[in-house]
Amino acid sequence: MKGYIGNELELFKHAKHWKRYYAGVFAHLLKGDVLEVGAGIGETTHLLCNPTQNTWVCVEPDVELSQQIANKKKQGYLPDFIEIATGTIEDIAFSRKFDAIIYIDVIEHIEKDAEELQRASELLKPGGHLIVLVPAHNFLFSEFDRSIGHFRRYNKKMLYSTAPKNLKKIDFRYLDSVGLFASLANKWFLKQEYPDLRQIQFWDNYIIALSKVADRITFFKFGKTAIGIWQKTNET
C-alpha cells in the first residue's frame, strides 16, 4: 500500500483555531455511527470524536499513519471506542451503515473522487450526512498542492458534480476568505513550496481570526477552503 506523501499533517495539527472554526460548521451532525475516511494521524478524530457518538471508525490507507492512530488510542489521546481500519472505504463492509461520513482534506488526494463519494453514499443510513472539506479553487493550485499529492482543488461547480446525485445538498460554503489572498500572494510572489511552522501559527492565530469576520460579511461566497454537506433522504 502506497505511503502518504508529505508531512503537512504534522504541521497542520498545530492549526487549532482553524480546526475549531471548520468543525463549528458540521460538528452537530456527527451523531450515532461515524465514519472518518482518510483519518491521517488522528488529529481530526481528536477534535471531533466525543462520547455522544456510538461508534467512530477511522479509515486510513497508510500503514504508518494508521499505527500512529492506534498508538494515540493506546495512550488515551483518542477514546477507546474508536475503531481503526487500515485500508480504504472499499474495505468497509456494505452491511455497515453510518449516520455521518466525513472527508477532511481527503478527496483531493483521490484520482477517482466521484466513485469514492458514490461508495460513501451507499454506506449512509437514511437521513445520514456526507461531509466533505476540500481546498478551493484550481487557480490556487501550487507546488505545495503538487508536493503533497493533490490531483485538484475544487470550486462549487466541481464539488457539486463530484457529489453523488442520489443525495440532497444541505449546505455549501467557502471558508478562510483572507487566507485566499495570502495563498495568492504566495503563489504569485513568494512561490514557497512548503510552509513552515511559524507561518502555520501566524495563519492560524491571525488570518483565521480575520476570516471569521470576513467570511460572514461576504456570506461565505469565497475562500481557500470549501465545505459541502449532503444528506441521504428516506427516498434514496
# chains A, B, ... in the order shown; residues from 1 in each chain; ligands from 1
>>> residues_around(residues="Phe12 (chain A)", least_positions_apart="6", cutoff="9 Å", atoms="only C-alpha atoms", output="ChimeraX atom specification")
/A:197,200-201
>>> residues_around(residues="Phe94 (chain A)", least_positions_apart="6", cutoff="10 Å", atoms="only C-alpha atoms", output="PyMOL selection string")
chain A and resi 119-120+122-124
>>> write_last_selection(atoms="N, CA, C and O atoms", output="PDB file, in the first residue's frame")
ATOM      1  N   ARG A 119     -19.452   5.484  -3.418  1.00  0.00           N
ATOM      2  CA  ARG A 119     -19.328   4.364  -2.474  1.00  0.00           C
ATOM      3  C   ARG A 119     -19.730   4.827  -1.067  1.00  0.00           C
ATOM      4  O   ARG A 119     -20.443   4.116  -0.351  1.00  0.00           O
ATOM      5  N   ALA A 120     -19.279   6.030  -0.693  1.00  0.00           N
ATOM      6  CA  ALA A 120     -19.625   6.552   0.635  1.00  0.00           C
ATOM      7  C   ALA A 120     -21.136   6.687   0.788  1.00  0.00           C
ATOM      8  O   ALA A 120     -21.695   6.360   1.846  1.00  0.00           O
ATOM      9  N   GLU A 122     -23.418   4.960  -0.418  1.00  0.00           N
ATOM     10  CA  GLU A 122     -24.036   3.648  -0.241  1.00  0.00           C
ATOM     11  C   GLU A 122     -23.871   3.112   1.179  1.00  0.00           C
ATOM     12  O   GLU A 122     -24.547   2.164   1.568  1.00  0.00           O
ATOM     13  N   LEU A 123     -22.987   3.738   1.936  1.00  0.00           N
ATOM     14  CA  LEU A 123     -22.778   3.336   3.325  1.00  0.00           C
ATOM     15  C   LEU A 123     -23.537   4.216   4.317  1.00  0.00           C
ATOM     16  O   LEU A 123     -23.443   4.016   5.525  1.00  0.00           O
ATOM     17  N   LEU A 124     -24.278   5.202   3.806  1.00  0.00           N
ATOM     18  CA  LEU A 124     -25.039   6.083   4.684  1.00  0.00           C
ATOM     19  C   LEU A 124     -26.387   5.479   5.049  1.00  0.00           C
ATOM     20  O   LEU A 124     -27.055   4.859   4.222  1.00  0.00           O
TER      21      LEU A 124
END
>>> closest_atom_pairs(of="region 35-145 of chain A", to="region 223-226 of chain A", cutoff="12 Å", atoms="only C-alpha atoms", output="JSON lines")
{"residue": "A:Tyr103", "atom": "CA", "partner": "A:Ala226", "partner_atom": "CA", "distance": 11.8}
{"residue": "A:Ile104", "atom": "CA", "partner": "A:Ala226", "partner_atom": "CA", "distance": 10.4}
{"residue": "A:Asp105", "atom": "CA", "partner": "A:Thr225", "partner_atom": "CA", "distance": 9.3}
{"residue": "A:Glu108", "atom": "CA", "partner": "A:Ala226", "partner_atom": "CA", "distance": 11.6}
{"residue": "A:Ile131", "atom": "CA", "partner": "A:Ala226", "partner_atom": "CA", "distance": 10.8}
{"residue": "A:Val132", "atom": "CA", "partner": "A:Ala226", "partner_atom": "CA", "distance": 8.1}
{"residue": "A:Leu133", "atom": "CA", "partner": "A:Ala226", "partner_atom": "CA", "distance": 5.8}
{"residue": "A:Val134", "atom": "CA", "partner": "A:Ala226", "partner_atom": "CA", "distance": 5.4}
{"residue": "A:Pro135", "atom": "CA", "partner": "A:Thr225", "partner_atom": "CA", "distance": 4.5}
{"residue": "A:Ala136", "atom": "CA", "partner": "A:Thr225", "partner_atom": "CA", "distance": 4.7}
{"residue": "A:His137", "atom": "CA", "partner": "A:Lys224", "partner_atom": "CA", "distance": 6.9}
{"residue": "A:Asn138", "atom": "CA", "partner": "A:Lys224", "partner_atom": "CA", "distance": 10.0}
{"residue": "A:Phe139", "atom": "CA", "partner": "A:Lys224", "partner_atom": "CA", "distance": 10.3}
{"residue": "A:Leu140", "atom": "CA", "partner": "A:Lys224", "partner_atom": "CA", "distance": 8.0}
{"residue": "A:Phe141", "atom": "CA", "partner": "A:Lys224", "partner_atom": "CA", "distance": 10.4}
>>> select_by_dssp(residues="region 129-197 of chain A", states="strand (DSSP E)", output="compact mmCIF listing (two decimals) with C-alpha atoms, in the first residue's frame")
# COMPACT_ATOMS: atom_id res chain seq x y z
CA HIS A 129 -24.89 13.09 6.16
CA LEU A 130 -21.89 13.17 3.85
CA ILE A 131 -19.48 15.96 4.82
CA VAL A 132 -16.61 16.97 2.55
CA LEU A 133 -13.96 19.62 3.21
CA VAL A 134 -11.54 20.39 0.38
CA PRO A 135 -9.01 23.01 -0.75
CA LYS A 168 -29.69 16.04 -1.25
CA LYS A 169 -27.48 19.11 -0.87
CA ILE A 170 -27.80 20.64 2.59
CA ASP A 171 -25.05 23.26 2.68
CA PHE A 172 -22.13 24.62 0.71
CA ARG A 173 -19.81 27.40 1.79
CA TYR A 174 -16.32 28.73 1.34
CA LEU A 175 -14.16 29.45 4.39
>>> select_by_dssp(residues="region 7-176 of chain A", states="alpha helix (DSSP H)", output="PyMOL selection string")
chain A and resi 8-12+16-26+43-48+63-74+113-122+143-147+156-162
>>> residues_around(residues="region 205-219 of chain A", least_positions_apart="2", cutoff="7 Å", atoms="only C-alpha atoms", output="compact mmCIF listing (two decimals) with N, CA and C atoms, in the first residue's frame")
# COMPACT_ATOMS: atom_id res chain seq x y z
N HIS A 17 -7.10 26.84 15.90
CA HIS A 17 -8.21 27.75 15.65
C HIS A 17 -8.93 27.39 14.35
N TRP A 18 -8.15 27.04 13.33
CA TRP A 18 -8.75 26.65 12.05
C TRP A 18 -9.61 25.41 12.21
N LEU A 175 -14.73 28.94 3.14
CA LEU A 175 -14.16 29.45 4.39
C LEU A 175 -12.77 30.01 4.14
N ASP A 176 -12.34 30.90 5.01
CA ASP A 176 -11.00 31.49 5.01
C ASP A 176 -10.78 32.40 3.80
N SER A 177 -11.61 33.43 3.72
CA SER A 177 -11.52 34.40 2.63
C SER A 177 -10.22 35.19 2.68
N VAL A 178 -9.76 35.53 3.86
CA VAL A 178 -8.50 36.27 3.98
C VAL A 178 -7.33 35.37 3.60
N GLY A 179 -7.42 34.11 3.98
CA GLY A 179 -6.38 33.15 3.61
C GLY A 179 -6.26 32.96 2.11
N GLN A 201 1.38 28.91 12.27
CA GLN A 201 0.89 29.52 13.51
C GLN A 201 0.39 30.94 13.28
N PHE A 202 1.08 31.71 12.42
CA PHE A 202 0.62 33.07 12.10
C PHE A 202 -0.74 33.01 11.41
N TRP A 203 -0.86 32.14 10.43
CA TRP A 203 -2.14 31.97 9.73
C TRP A 203 -3.24 31.56 10.71
N LYS A 221 -19.05 33.38 0.42
CA LYS A 221 -19.06 33.25 -1.03
C LYS A 221 -17.68 32.96 -1.62
>>> residues_around(residues="Leu65 (chain A)", least_positions_apart="2", cutoff="6 Å", atoms="only C-alpha atoms", output="list in words")
Gly40, Ile41, Asp62, Val63, Gln67 and Gln68 of chain A
>>> write_last_selection(atoms="C-alpha atoms", output="mmCIF file, in the first residue's frame")
data_model
loop_
_atom_site.group_PDB
_atom_site.id
_atom_site.type_symbol
_atom_site.label_atom_id
_atom_site.label_comp_id
_atom_site.auth_asym_id
_atom_site.auth_seq_id
_atom_site.Cartn_x
_atom_site.Cartn_y
_atom_site.Cartn_z
ATOM 1 C CA GLY A 40 -4.323 10.637 8.860
ATOM 2 C CA ILE A 41 -2.608 10.877 12.227
ATOM 3 C CA ASP A 62 -1.170 4.400 5.072
ATOM 4 C CA VAL A 63 0.092 1.718 7.468
ATOM 5 C CA GLN A 67 -0.298 2.851 13.530
ATOM 6 C CA GLN A 68 0.024 6.375 14.871
#
>>> closest_residue(among="A:Glu143, A:Glu8, A:Glu83, A:Glu90", to="Ser66 (chain A)", atoms="only C-alpha atoms")
A:Glu83
